[in-house]
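Okay, upload_3.cif is below, mmCIF, C-alpha atoms and all ligand atoms; chains and numbers go by the auth columns:
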```
data_coords
#
loop_
_atom_site.group_PDB
_atom_site.id
_atom_site.type_symbol
_atom_site.label_atom_id
_atom_site.label_comp_id
_atom_site.label_asym_id
_atom_site.label_seq_id
_atom_site.Cartn_x
_atom_site.Cartn_y
_atom_site.Cartn_z
_atom_site.B_iso_or_equiv
_atom_site.auth_seq_id
_atom_site.auth_asym_id
ATOM 1 C CA MET A 1 61.782 -2.049 -5.888 0.00 1 O
ATOM 2 C CA LYS A 2 58.025 -2.210 -5.487 0.00 2 O
ATOM 3 C CA PHE A 3 55.677 -0.882 -8.131 0.00 3 O
ATOM 4 C CA THR A 4 52.778 0.908 -6.537 0.00 4 O
ATOM 5 C CA GLU A 5 50.585 0.483 -9.607 0.00 5 O
ATOM 6 C CA ILE A 6 50.604 -2.290 -12.197 0.00 6 O
ATOM 7 C CA GLU A 7 48.669 -3.590 -15.144 0.00 7 O
ATOM 8 C CA HIS A 8 48.051 -7.313 -14.894 0.00 8 O
ATOM 9 C CA PRO A 9 46.775 -9.630 -17.640 0.00 9 O
ATOM 10 C CA SER A 10 44.532 -11.476 -15.170 0.00 10 O
ATOM 11 C CA HIS A 11 42.580 -8.253 -14.599 0.00 11 O
ATOM 12 C CA PRO A 12 43.036 -6.246 -17.776 0.00 12 O
ATOM 13 C CA GLN A 13 40.158 -3.828 -17.225 0.00 13 O
ATOM 14 C CA HIS A 14 41.729 -1.882 -14.335 0.00 14 O
ATOM 15 C CA THR A 15 45.043 -0.864 -12.844 0.00 15 O
ATOM 16 C CA LEU A 16 46.019 -2.672 -9.645 0.00 16 O
ATOM 17 C CA THR A 17 47.331 -0.742 -6.669 0.00 17 O
ATOM 18 C CA LEU A 18 49.782 -1.960 -4.063 0.00 18 O
ATOM 19 C CA VAL A 19 48.074 -1.795 -0.680 0.00 19 O
ATOM 20 C CA SER A 20 48.358 -3.041 2.873 0.00 20 O
ATOM 21 C CA ALA A 21 45.463 -5.423 3.252 0.00 21 O
ATOM 22 C CA GLN A 22 43.193 -4.377 6.070 0.00 22 O
ATOM 23 C CA GLU A 23 41.537 -7.738 6.317 0.00 23 O
ATOM 24 C CA PRO A 24 42.194 -11.265 5.098 0.00 24 O
ATOM 25 C CA TYR A 25 41.670 -11.640 1.366 0.00 25 O
ATOM 26 C CA SER A 26 41.528 -14.411 -1.160 0.00 26 O
ATOM 27 C CA CYS A 27 44.138 -14.082 -3.903 0.00 27 O
ATOM 28 C CA ASP A 28 42.562 -14.217 -7.350 0.00 28 O
ATOM 29 C CA GLY A 29 45.798 -15.623 -8.792 0.00 29 O
ATOM 30 C CA CYS A 30 46.686 -18.651 -6.689 0.00 30 O
ATOM 31 C CA LYS A 31 43.280 -18.770 -4.895 0.00 31 O
ATOM 32 C CA GLN A 32 45.041 -19.067 -1.550 0.00 32 O
ATOM 33 C CA LYS A 33 44.360 -16.789 1.365 0.00 33 O
ATOM 34 C CA GLY A 34 46.345 -13.645 1.832 0.00 34 O
ATOM 35 C CA PHE A 35 46.919 -12.005 5.075 0.00 35 O
ATOM 36 C CA ARG A 36 49.834 -9.672 5.288 0.00 36 O
ATOM 37 C CA LEU A 37 48.164 -7.017 7.340 0.00 37 O
ATOM 38 C CA GLY A 38 50.033 -3.797 7.690 0.00 38 O
ATOM 39 C CA GLU A 39 52.547 -4.672 4.997 0.00 39 O
ATOM 40 C CA ARG A 40 52.246 -3.350 1.496 0.00 40 O
ATOM 41 C CA SER A 41 52.170 -6.666 -0.305 0.00 41 O
ATOM 42 C CA CYS A 42 48.793 -6.985 -1.968 0.00 42 O
ATOM 43 C CA TYR A 43 47.807 -5.691 -5.409 0.00 43 O
ATOM 44 C CA GLU A 44 44.192 -4.689 -5.342 0.00 44 O
ATOM 45 C CA CYS A 45 41.397 -3.409 -7.542 0.00 45 O
ATOM 46 C CA LYS A 46 39.084 -2.005 -4.940 0.00 46 O
ATOM 47 C CA GLN A 47 36.219 -1.480 -7.341 0.00 47 O
ATOM 48 C CA CYS A 48 36.080 -5.183 -8.282 0.00 48 O
ATOM 49 C CA ASN A 49 37.315 -6.630 -4.998 0.00 49 O
ATOM 50 C CA PHE A 50 40.174 -8.233 -6.935 0.00 50 O
ATOM 51 C CA HIS A 51 43.411 -9.169 -5.148 0.00 51 O
ATOM 52 C CA LEU A 52 46.779 -10.620 -6.012 0.00 52 O
ATOM 53 C CA HIS A 53 49.593 -11.550 -3.675 0.00 53 O
ATOM 54 C CA GLU A 54 52.724 -9.659 -4.503 0.00 54 O
ATOM 55 C CA GLU A 55 54.301 -13.074 -5.188 0.00 55 O
ATOM 56 C CA CYS A 56 51.547 -13.830 -7.703 0.00 56 O
ATOM 57 C CA ALA A 57 51.511 -10.441 -9.386 0.00 57 O
ATOM 58 C CA MET A 58 55.284 -10.282 -9.829 0.00 58 O
ATOM 59 C CA PRO A 59 56.452 -13.855 -10.358 0.00 59 O
ATOM 60 C CA GLU A 60 59.821 -14.954 -11.614 0.00 60 O
ATOM 61 C CA SER A 61 59.467 -16.646 -14.967 0.00 61 O
ATOM 62 C CA SER A 62 61.817 -19.362 -13.776 0.00 62 O
ATOM 63 C CA ALA A 63 62.822 -20.254 -10.225 0.00 63 O
ATOM 64 C CA PHE A 64 64.795 -22.762 -8.187 0.00 64 O
ATOM 65 C CA HIS A 65 64.325 -24.133 -4.700 0.00 65 O
ATOM 66 C CA PRO A 66 67.035 -25.702 -2.547 0.00 66 O
ATOM 67 C CA PHE A 67 64.702 -28.579 -1.563 0.00 67 O
ATOM 68 C CA PHE A 68 64.395 -29.585 -5.214 0.00 68 O
ATOM 69 C CA LYS A 69 67.960 -29.543 -6.431 0.00 69 O
ATOM 70 C CA THR A 70 67.301 -30.904 -9.895 0.00 70 O
ATOM 71 C CA CYS A 71 64.102 -29.005 -10.626 0.00 71 O
ATOM 72 C CA GLU A 72 63.699 -25.860 -12.618 0.00 72 O
ATOM 73 C CA PHE A 73 60.341 -24.261 -11.857 0.00 73 O
ATOM 74 C CA LYS A 74 58.300 -22.242 -14.300 0.00 74 O
ATOM 75 C CA PHE A 75 55.477 -19.959 -13.318 0.00 75 O
ATOM 76 C CA VAL A 76 52.207 -21.313 -14.717 0.00 76 O
ATOM 77 C CA GLU A 77 48.857 -19.539 -14.649 0.00 77 O
ATOM 78 C CA ASN A 78 46.660 -22.469 -15.584 0.00 78 O
ATOM 79 C CA VAL A 79 47.683 -25.973 -14.637 0.00 79 O
ATOM 80 C CA GLN A 80 46.065 -29.023 -16.096 0.00 80 O
ATOM 81 C CA GLY A 81 44.378 -31.607 -13.905 0.00 81 O
ATOM 82 C CA GLU A 82 44.309 -31.958 -10.159 0.00 82 O
ATOM 83 C CA ARG A 83 47.556 -30.824 -8.596 0.00 83 O
ATOM 84 C CA ARG A 84 48.773 -30.454 -5.065 0.00 84 O
ATOM 85 C CA CYS A 85 51.427 -28.194 -3.603 0.00 85 O
ATOM 86 C CA ASP A 86 54.447 -30.218 -2.504 0.00 86 O
ATOM 87 C CA ALA A 87 55.138 -27.822 0.346 0.00 87 O
ATOM 88 C CA CYS A 88 51.776 -27.440 2.064 0.00 88 O
ATOM 89 C CA GLY A 89 49.772 -30.257 0.521 0.00 89 O
ATOM 90 C CA LYS A 90 46.886 -27.947 -0.425 0.00 90 O
ATOM 91 C CA ASP A 91 45.277 -28.086 -3.852 0.00 91 O
ATOM 92 C CA VAL A 92 46.657 -26.026 -6.674 0.00 92 O
ATOM 93 C CA LEU A 93 43.734 -23.919 -7.838 0.00 93 O
ATOM 94 C CA GLY A 94 45.445 -21.201 -9.830 0.00 94 O
ATOM 95 C CA PHE A 95 48.901 -19.701 -10.258 0.00 95 O
ATOM 96 C CA VAL A 96 51.695 -22.110 -9.390 0.00 96 O
ATOM 97 C CA TYR A 97 55.365 -22.833 -9.904 0.00 97 O
ATOM 98 C CA GLN A 98 55.720 -26.172 -11.626 0.00 98 O
ATOM 99 C CA CYS A 99 58.896 -27.996 -12.495 0.00 99 O
ATOM 100 C CA GLN A 100 59.801 -29.401 -15.884 0.00 100 O
ATOM 101 C CA HIS A 101 60.013 -33.065 -14.875 0.00 101 O
ATOM 102 C CA GLU A 102 57.461 -35.487 -16.180 0.00 102 O
ATOM 103 C CA ASN A 103 56.255 -36.234 -12.667 0.00 103 O
ATOM 104 C CA ALA A 104 56.214 -32.544 -11.889 0.00 104 O
ATOM 105 C CA CYS A 105 56.547 -30.828 -8.532 0.00 105 O
ATOM 106 C CA ASP A 106 54.229 -27.939 -7.731 0.00 106 O
ATOM 107 C CA LEU A 107 54.692 -25.043 -5.345 0.00 107 O
ATOM 108 C CA HIS A 108 52.258 -22.259 -4.552 0.00 108 O
ATOM 109 C CA PRO A 109 53.949 -18.914 -5.209 0.00 109 O
ATOM 110 C CA CYS A 110 53.778 -18.076 -1.491 0.00 110 O
ATOM 111 C CA CYS A 111 55.156 -21.489 -0.510 0.00 111 O
ATOM 112 C CA MET A 112 58.031 -21.036 -2.955 0.00 112 O
ATOM 113 C CA LYS A 113 58.941 -17.854 -1.090 0.00 113 O
ATOM 114 C CA LEU A 114 58.723 -19.159 2.482 0.00 114 O
ATOM 115 C CA GLU A 115 61.690 -18.033 4.570 0.00 115 O
ATOM 116 C CA ARG A 116 64.221 -20.767 5.301 0.00 116 O
ATOM 117 C CA THR A 117 64.942 -19.496 8.810 0.00 117 O
ATOM 118 C CA LEU A 118 62.819 -17.469 11.181 0.00 118 O
ATOM 119 C CA ASN A 119 64.197 -15.537 14.104 0.00 119 O
ATOM 120 C CA GLY A 120 62.536 -13.781 16.967 0.00 120 O
ATOM 121 C CA ASP A 121 62.845 -13.308 20.718 0.00 121 O
ATOM 122 C CA GLY A 122 65.594 -15.868 21.102 0.00 122 O
ATOM 123 C CA VAL A 123 63.832 -18.539 19.063 0.00 123 O
ATOM 124 C CA LYS A 124 65.202 -19.799 15.788 0.00 124 O
ATOM 125 C CA LEU A 125 63.164 -21.919 13.404 0.00 125 O
ATOM 126 C CA TYR A 126 64.271 -23.811 10.323 0.00 126 O
ATOM 127 C CA LEU A 127 62.168 -24.741 7.347 0.00 127 O
ATOM 128 C CA ARG A 128 62.395 -28.517 6.800 0.00 128 O
ATOM 129 C CA GLU A 129 61.489 -30.632 3.859 0.00 129 O
ATOM 130 C CA LYS A 130 60.270 -33.341 6.226 0.00 130 O
ATOM 131 C CA VAL A 131 59.906 -33.673 9.971 0.00 131 O
ATOM 132 C CA SER A 132 63.184 -34.740 11.611 0.00 132 O
ATOM 133 C CA SER A 133 63.404 -38.096 13.330 0.00 133 O
ATOM 134 C CA GLY A 134 62.087 -38.095 16.870 0.00 134 O
ATOM 135 C CA LEU A 135 59.775 -35.182 16.194 0.00 135 O
ATOM 136 C CA LYS A 136 56.207 -34.806 15.064 0.00 136 O
ATOM 137 C CA CYS A 137 53.983 -31.864 14.270 0.00 137 O
ATOM 138 C CA LEU A 138 52.398 -30.488 17.415 0.00 138 O
ATOM 139 C CA LYS A 139 49.123 -29.808 15.667 0.00 139 O
ATOM 140 C CA CYS A 140 48.351 -33.030 13.804 0.00 140 O
ATOM 141 C CA LYS A 141 50.664 -35.217 15.907 0.00 141 O
ATOM 142 C CA SER A 142 52.131 -36.936 12.889 0.00 142 O
ATOM 143 C CA LYS A 143 55.142 -36.741 10.642 0.00 143 O
ATOM 144 C CA ASN A 144 53.358 -36.418 7.326 0.00 144 O
ATOM 145 C CA VAL A 145 50.612 -34.041 6.304 0.00 145 O
ATOM 146 C CA ALA A 146 48.976 -36.761 4.229 0.00 146 O
ATOM 147 C CA LYS A 147 49.527 -40.481 3.677 0.00 147 O
ATOM 148 C CA ASP A 148 51.615 -39.863 0.601 0.00 148 O
ATOM 149 C CA LEU A 149 53.000 -36.413 1.317 0.00 149 O
ATOM 150 C CA LYS A 150 55.540 -35.404 3.917 0.00 150 O
ATOM 151 C CA GLY A 151 54.928 -31.674 3.699 0.00 151 O
ATOM 152 C CA TRP A 152 57.196 -28.891 4.891 0.00 152 O
ATOM 153 C CA SER A 153 57.450 -27.869 8.491 0.00 153 O
ATOM 154 C CA TYR A 154 59.202 -25.385 10.736 0.00 154 O
ATOM 155 C CA GLU A 155 61.333 -26.822 13.531 0.00 155 O
ATOM 156 C CA SER A 156 62.861 -24.987 16.451 0.00 156 O
ATOM 157 C CA ASN A 157 66.605 -25.076 17.079 0.00 157 O
ATOM 158 C CA CYS A 158 65.932 -26.484 20.573 0.00 158 O
ATOM 159 C CA GLY A 159 64.273 -29.492 18.938 0.00 159 O
ATOM 160 C CA GLN A 160 61.062 -29.248 20.964 0.00 160 O
ATOM 161 C CA TYR A 161 58.692 -27.530 18.575 0.00 161 O
ATOM 162 C CA CYS A 162 57.586 -28.464 15.127 0.00 162 O
ATOM 163 C CA TYR A 163 54.585 -27.458 13.030 0.00 163 O
ATOM 164 C CA HIS A 164 53.705 -28.331 9.452 0.00 164 O
ATOM 165 C CA VAL A 165 53.186 -25.332 7.220 0.00 165 O
ATOM 166 C CA ALA A 166 49.905 -26.998 6.196 0.00 166 O
ATOM 167 C CA CYS A 167 48.765 -27.336 9.805 0.00 167 O
ATOM 168 C CA VAL A 168 49.450 -23.705 10.633 0.00 168 O
ATOM 169 C CA LYS A 169 47.489 -22.721 7.531 0.00 169 O
ATOM 170 C CA ASP A 170 44.579 -24.888 8.682 0.00 170 O
ATOM 171 C CA LEU A 171 44.803 -23.589 12.178 0.00 171 O
ATOM 172 C CA ILE A 172 44.487 -20.014 11.187 0.00 172 O
ATOM 173 C CA LEU A 173 41.844 -20.598 8.533 0.00 173 O
ATOM 174 C CA GLU A 174 39.643 -22.557 10.962 0.00 174 O
ATOM 175 C CA ASN A 175 39.871 -19.767 13.467 0.00 175 O
ATOM 176 C CA TRP A 176 39.516 -17.087 10.872 0.00 176 O
ATOM 177 C CA LYS A 177 36.094 -18.449 9.846 0.00 177 O
ATOM 178 C CA LYS A 178 34.952 -18.485 13.448 0.00 178 O
ATOM 179 C CA GLY A 179 36.462 -15.096 14.176 0.00 179 O
ATOM 180 C CA GLN A 180 34.592 -13.373 11.402 0.00 180 O
ATOM 181 C CA THR A 181 31.306 -13.526 13.263 0.00 181 O
ATOM 182 C CA SER A 182 32.685 -12.092 16.456 0.00 182 O
ATOM 183 C CA ASP A 183 34.821 -9.111 17.245 0.00 183 O
ATOM 184 C CA THR A 184 37.330 -11.075 19.272 0.00 184 O
ATOM 185 C CA GLY A 185 39.657 -11.394 16.310 0.00 185 O
ATOM 186 C CA LEU A 186 41.343 -14.630 15.498 0.00 186 O
ATOM 187 C CA GLN A 187 41.589 -17.107 18.275 0.00 187 O
ATOM 188 C CA ILE A 188 44.263 -19.655 18.458 0.00 188 O
ATOM 189 C CA MET A 189 44.144 -22.353 21.038 0.00 189 O
ATOM 190 C CA VAL A 190 47.297 -24.377 20.740 0.00 190 O
ATOM 191 C CA PRO A 191 48.931 -26.251 22.091 0.00 191 O
ATOM 192 C CA ASN A 192 46.445 -27.628 24.527 0.00 192 O
ATOM 193 C CA MET A 193 47.206 -28.013 28.177 0.00 193 O
ATOM 194 C CA GLU A 194 47.686 -31.805 28.122 0.00 194 O
ATOM 195 C CA ASP A 195 50.366 -31.496 25.464 0.00 195 O
ATOM 196 C CA ALA A 196 52.125 -28.836 27.410 0.00 196 O
ATOM 197 C CA VAL A 197 52.138 -30.916 30.581 0.00 197 O
ATOM 198 C CA GLU A 198 53.425 -33.907 28.685 0.00 198 O
ATOM 199 C CA GLN A 199 56.110 -31.962 26.847 0.00 199 O
ATOM 200 C CA SER A 200 57.375 -30.266 29.939 0.00 200 O
ATOM 201 C CA GLY A 201 58.248 -33.601 31.479 0.00 201 O
ATOM 202 C CA ARG A 202 54.873 -34.754 32.781 0.00 202 O
ATOM 203 C CA SER A 203 55.239 -32.499 35.754 0.00 203 O
ATOM 204 C CA LYS A 204 52.275 -30.428 36.760 0.00 204 O
ATOM 205 C CA ASN A 205 54.742 -27.770 37.810 0.00 205 O
ATOM 206 C CA GLY A 206 52.966 -24.622 36.703 0.00 206 O
ATOM 207 C CA LYS A 207 56.105 -22.682 35.913 0.00 207 O
ATOM 208 C CA LYS A 208 57.480 -25.321 33.578 0.00 208 O
ATOM 209 C CA VAL A 209 54.192 -25.675 31.776 0.00 209 O
ATOM 210 C CA ASN A 210 53.806 -21.950 31.372 0.00 210 O
ATOM 211 C CA LYS A 211 57.342 -21.664 30.071 0.00 211 O
ATOM 212 C CA TYR A 212 56.632 -24.347 27.525 0.00 212 O
ATOM 213 C CA LEU A 213 53.389 -22.703 26.430 0.00 213 O
ATOM 214 C CA THR A 214 54.881 -19.245 26.220 0.00 214 O
ATOM 215 C CA LYS A 215 57.594 -20.518 23.929 0.00 215 O
ATOM 216 C CA ALA A 216 55.119 -22.546 21.893 0.00 216 O
ATOM 217 C CA ILE A 217 53.115 -19.391 21.273 0.00 217 O
ATOM 218 C CA LEU A 218 56.246 -17.558 20.231 0.00 218 O
ATOM 219 C CA VAL A 219 57.059 -20.339 17.787 0.00 219 O
ATOM 220 C CA LEU A 220 53.563 -20.246 16.334 0.00 220 O
ATOM 221 C CA LYS A 221 53.597 -16.485 16.034 0.00 221 O
ATOM 222 C CA LEU A 222 56.807 -16.673 14.033 0.00 222 O
ATOM 223 C CA ILE A 223 55.390 -19.286 11.684 0.00 223 O
ATOM 224 C CA ILE A 224 52.121 -17.405 11.287 0.00 224 O
ATOM 225 C CA SER A 225 54.059 -14.263 10.433 0.00 225 O
ATOM 226 C CA ALA A 226 56.056 -16.166 7.840 0.00 226 O
ATOM 227 C CA ILE A 227 52.925 -17.536 6.182 0.00 227 O
ATOM 228 C CA PHE A 228 50.372 -14.802 6.672 0.00 228 O
ATOM 229 C CA GLY A 229 52.186 -11.680 7.705 0.00 229 O
ATOM 230 C CA ASP A 230 52.042 -10.289 11.163 0.00 230 O
ATOM 231 C CA PRO A 231 48.537 -10.288 12.550 0.00 231 O
ATOM 232 C CA ILE A 232 49.044 -8.730 15.917 0.00 232 O
ATOM 233 C CA GLY A 233 45.509 -9.402 17.103 0.00 233 O
ATOM 234 C CA ILE A 234 46.124 -13.122 17.090 0.00 234 O
ATOM 235 C CA ALA A 235 48.909 -13.043 19.591 0.00 235 O
ATOM 236 C CA VAL A 236 46.927 -10.987 22.039 0.00 236 O
ATOM 237 C CA VAL A 237 44.029 -13.388 22.016 0.00 237 O
ATOM 238 C CA CYS A 238 46.354 -16.374 22.489 0.00 238 O
ATOM 239 C CA PHE A 239 47.845 -14.920 25.579 0.00 239 O
ATOM 240 C CA GLU A 240 44.576 -13.884 27.131 0.00 240 O
ATOM 241 C CA GLN A 241 43.132 -17.318 26.728 0.00 241 O
ATOM 242 C CA LEU A 242 46.152 -18.985 28.126 0.00 242 O
ATOM 243 C CA PHE A 243 46.407 -17.074 31.297 0.00 243 O
ATOM 244 C CA SER A 244 42.739 -16.853 32.024 0.00 244 O
ATOM 245 C CA ARG A 245 42.475 -20.577 32.612 0.00 245 O
HETATM 246 ZN ZN ZN B . 48.378 -15.563 -4.734 0.00 301 O
HETATM 247 ZN ZN ZN B . 38.769 -3.982 -11.437 0.00 302 O
HETATM 248 ZN ZN ZN B . 61.192 -31.595 -10.809 0.00 303 O
HETATM 249 ZN ZN ZN B . 51.566 -24.529 -0.827 0.00 304 O
HETATM 250 ZN ZN ZN B . 50.888 -31.222 11.177 0.00 305 O
#
```

Can you give me the file's structure in the form of structure tokens?
Amino acid sequence: MKFTEIEHPSHPQHTLTLVSAQEPYSCDGCKQKGFRLGERSCYECKQCNFHLHEECAMPESSAFHPFFKTCEFKFVENVQGERRCDACGKDVLGFVYQCQHENACDLHPCCMKLERTLNGDGVKLYLREKVSSGLKCLKCKSKNVAKDLKGWSYESNCGQYCYHVACVKDLILENWKKGQTSDTGLQIMVPNMEDAVEQSGRSKNGKKVNKYLTKAILVLKLIISAIFGDPIGIAVVCFEQLFSR
């Protein structure tokens, strides 16, 4: 059940209302971006421009994740020191789930809740703790998101497509900044044509390349929806750019 209005200790002066965000927002709990357009999943104080992800406003006091079998996570509002999310590799700047081990694991509330499988239009994607052998992320072209961090990724059941959660976050944030000054919405330009040619067997056969790209876009759309909600504008721009080459 969703509460349409809540009181939250992080913003005691006003009641927060559950809304569908109309534009990207920055969560005042975890300090990560929020993006679930058209879905009622953001608690807002309009007057103060204060926002909380649903995941941040309504946390579980203790949580478990199948990737960390021995860890019990507690929701923490203020962590000490510099911490990094073990899923996406981004800094922990606010609310976080942290485990009880001495060398603790950290997960952003939204990363904790990432879907394990994504389905759409005949494509199935699995959330992976690390990139499977023989694959690499199509955005950063490597297995790990950082030297010392593998980072989670989504892989397709056909074994051809793989993107780090971190890389899809970057991708959309880069384009979001650019997009804000224009009215073209968010533009996403991946994968590039050379990759597509290479992946479709180094043939310049237009049909094969297009098939590869079309599926790649589908894969990305699914991952973007899992992380940020379902920004329809993005998909449209992708397609236009692709076919206007
Ligand atoms: Zn948040
Ligand atoms: Zn307020
Ligand atoms: Zn642990
Ligand atoms: Zn994270
Ligand atoms: Zn990557």

### Task
Write out as a ChimeraX atom specification each polymer residue whose atoms come within 10 Å of Lys46 of chain O, counting only C-alpha atoms; drop sequence neighbours fewer than 4 positions from it.
/O:14-17,19,50-51

### Task
May I ask which of the residues O:Val92, O:Glu5, O:Glu44, O:Asp28 is the closest one to ligand ZN 302 (chain O), counting only C-alpha atoms and all ligand atoms?
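So, comparing all the options, the nearest one is O:Glu44.
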
Tell me, counting all atoms listed in the file, for each residue of chain O within 8 Å of ligand ZN 303 (chain O), which pair of atoms is nearest and how far apart they are in Å to one decimal, in rows ordered by chain and increasing number, as JSON lines.
```
{"residue": "O:Phe68", "atom": "CA", "partner": "O:ZN303", "partner_atom": "ZN", "distance": 6.8}
{"residue": "O:Thr70", "atom": "CA", "partner": "O:ZN303", "partner_atom": "ZN", "distance": 6.2}
{"residue": "O:Cys71", "atom": "CA", "partner": "O:ZN303", "partner_atom": "ZN", "distance": 3.9}
{"residue": "O:Glu72", "atom": "CA", "partner": "O:ZN303", "partner_atom": "ZN", "distance": 6.5}
{"residue": "O:Phe73", "atom": "CA", "partner": "O:ZN303", "partner_atom": "ZN", "distance": 7.5}
{"residue": "O:Gln98", "atom": "CA", "partner": "O:ZN303", "partner_atom": "ZN", "distance": 7.7}
{"residue": "O:Cys99", "atom": "CA", "partner": "O:ZN303", "partner_atom": "ZN", "distance": 4.6}
{"residue": "O:Gln100", "atom": "CA", "partner": "O:ZN303", "partner_atom": "ZN", "distance": 5.7}
{"residue": "O:His101", "atom": "CA", "partner": "O:ZN303", "partner_atom": "ZN", "distance": 4.5}
{"residue": "O:Glu102", "atom": "CA", "partner": "O:ZN303", "partner_atom": "ZN", "distance": 7.6}
{"residue": "O:Asn103", "atom": "CA", "partner": "O:ZN303", "partner_atom": "ZN", "distance": 7.0}
{"residue": "O:Ala104", "atom": "CA", "partner": "O:ZN303", "partner_atom": "ZN", "distance": 5.2}
{"residue": "O:Cys105", "atom": "CA", "partner": "O:ZN303", "partner_atom": "ZN", "distance": 5.2}
```

Residues of the last selection are to be written out with C-alpha atoms, as a PDB file, in the coordinates of the input.
```pdb
ATOM      1  CA  PHE O  68      64.395 -29.585  -5.214  1.00  0.00           C
ATOM      2  CA  THR O  70      67.301 -30.904  -9.895  1.00  0.00           C
ATOM      3  CA  CYS O  71      64.102 -29.005 -10.626  1.00  0.00           C
ATOM      4  CA  GLU O  72      63.699 -25.860 -12.618  1.00  0.00           C
ATOM      5  CA  PHE O  73      60.341 -24.261 -11.857  1.00  0.00           C
ATOM      6  CA  GLN O  98      55.720 -26.172 -11.626  1.00  0.00           C
ATOM      7  CA  CYS O  99      58.896 -27.996 -12.495  1.00  0.00           C
ATOM      8  CA  GLN O 100      59.801 -29.401 -15.884  1.00  0.00           C
ATOM      9  CA  HIS O 101      60.013 -33.065 -14.875  1.00  0.00           C
ATOM     10  CA  GLU O 102      57.461 -35.487 -16.180  1.00  0.00           C
ATOM     11  CA  ASN O 103      56.255 -36.234 -12.667  1.00  0.00           C
ATOM     12  CA  ALA O 104      56.214 -32.544 -11.889  1.00  0.00           C
ATOM     13  CA  CYS O 105      56.547 -30.828  -8.532  1.00  0.00           C
TER      14      CYS O 105
END
```

Ligand ZN 304 (chain O) neighbours within 6 Å using all atoms listed in the file, as a short mmCIF file (atom, residue, chain, number, x, y, z; two decimals) with C-alpha atoms, in the coordinates of the input:
```cif
data_model
loop_
_atom_site.label_atom_id
_atom_site.label_comp_id
_atom_site.auth_asym_id
_atom_site.auth_seq_id
_atom_site.Cartn_x
_atom_site.Cartn_y
_atom_site.Cartn_z
CA CYS O 85 51.43 -28.19 -3.60
CA ALA O 87 55.14 -27.82 0.35
CA CYS O 88 51.78 -27.44 2.06
CA LYS O 90 46.89 -27.95 -0.42
CA LEU O 107 54.69 -25.04 -5.34
CA HIS O 108 52.26 -22.26 -4.55
CA CYS O 111 55.16 -21.49 -0.51
#
```

### Task
Using the chain letters and numbering of this document, enumerate as number ranges by chain the residues selected by the PyMOL selection byres (((chain O and resi 114) around 10) and not hetatm).
O: 87, 109-113, 115-118, 127, 165, 223, 226-227

### Query
atom CA of Phe64 of chain O and atom CA of Asn78 of chain O, how far apart in Å?
19.6 Å

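Counting only C-alpha atoms and all ligand atoms and comparing O:Leu213, O:Leu52, O:Leu138, O:Ile224, the residue that lies closest to ligand ZN 302 (chain O) is O:Leu52.
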
### Task
Please give me, as a list of chain:residue names, the residues lying within 6 Å of ligand ZN 301 (chain O) when counting only C-alpha atoms and all ligand atoms.
O:Cys27, O:Gly29, O:Cys30, O:Gln32, O:Leu52, O:His53, O:Cys56

### Query
Mind listing the residues within 6 Å of ligand ZN 302 (chain O), only C-alpha atoms and all ligand atoms counted, as a PyMOL selection string?
chain O and resi 13-14+45+47-48

### Task
Select the residues contacting ligand ZN 305 (chain O) at a distance of at most 9 Å, based on all atoms listed in the file, then format the selection as JSON, numbers by chain.
{"O": [136, 137, 138, 139, 140, 141, 142, 143, 144, 145, 151, 153, 162, 163, 164, 165, 166, 167, 168]}

#### Entry: Distance of atom CA of Ala63 of chain O from atom CA of Asp170 of chain O, expressed in Å to one decimal place
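If I compute the distance from atom CA of Asp170 of chain O to atom CA of Ala63 of chain O, I get 26.7 Å.
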
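Here atom CA of Arg40 of chain O stands at a distance of 6.2 Å from atom CA of Leu18 of chain O.
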
### Query
Do you know which residues lie at most 9 Å from (49.7, -18.2, -13.9), with coordinates as in the file and all atoms listed in the file counted, and could you write them as a PyMOL selection string?
chain O and resi 10+29-30+56+59+75-79+94-97

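Of the residues under consideration (O:Lys221, O:His8, O:Ile172, O:Glu54), O:Ile172 shows the shortest atom-to-atom contact distance to Pro24 of chain O when counting all atoms listed in the file.
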
Starting from 6 Å padding per side, set up an axis-aligned box that covers all listed atoms of segment 1-20 of chain O and hand over centre and edge lengths in Å, one decimal, as lines of an AutoDock Vina configuration file.
```
center_x = 51.0
center_y = -5.3
center_z = -7.5
size_x = 33.6
size_y = 24.4
size_z = 32.6
```

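Shortest atom-to-atom contact with Cys158 of chain O among O:Val123, O:Glu174, O:Arg128, O:Gly206: O:Val123, counting only C-alpha atoms.
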
### Residue members of the PyMOL selection byres (((chain O and resi 120) around 10) and not hetatm) in the file shown, as a PyMOL selection string
chain O and resi 118-119+121-125+218-219+221-222

Residues from the last selection, C-alpha atoms, saved as a PDB file, keeping the file's coordinate frame:
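What landed in selection.pdb:
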```pdb
ATOM      1  CA  LEU O 118      62.819 -17.469  11.181  1.00  0.00           C
ATOM      2  CA  ASN O 119      64.197 -15.537  14.104  1.00  0.00           C
ATOM      3  CA  ASP O 121      62.845 -13.308  20.718  1.00  0.00           C
ATOM      4  CA  GLY O 122      65.594 -15.868  21.102  1.00  0.00           C
ATOM      5  CA  VAL O 123      63.832 -18.539  19.063  1.00  0.00           C
ATOM      6  CA  LYS O 124      65.202 -19.799  15.788  1.00  0.00           C
ATOM      7  CA  LEU O 125      63.164 -21.919  13.404  1.00  0.00           C
ATOM      8  CA  LEU O 218      56.246 -17.558  20.231  1.00  0.00           C
ATOM      9  CA  VAL O 219      57.059 -20.339  17.787  1.00  0.00           C
ATOM     10  CA  LYS O 221      53.597 -16.485  16.034  1.00  0.00           C
ATOM     11  CA  LEU O 222      56.807 -16.673  14.033  1.00  0.00           C
TER      12      LEU O 222
END
```
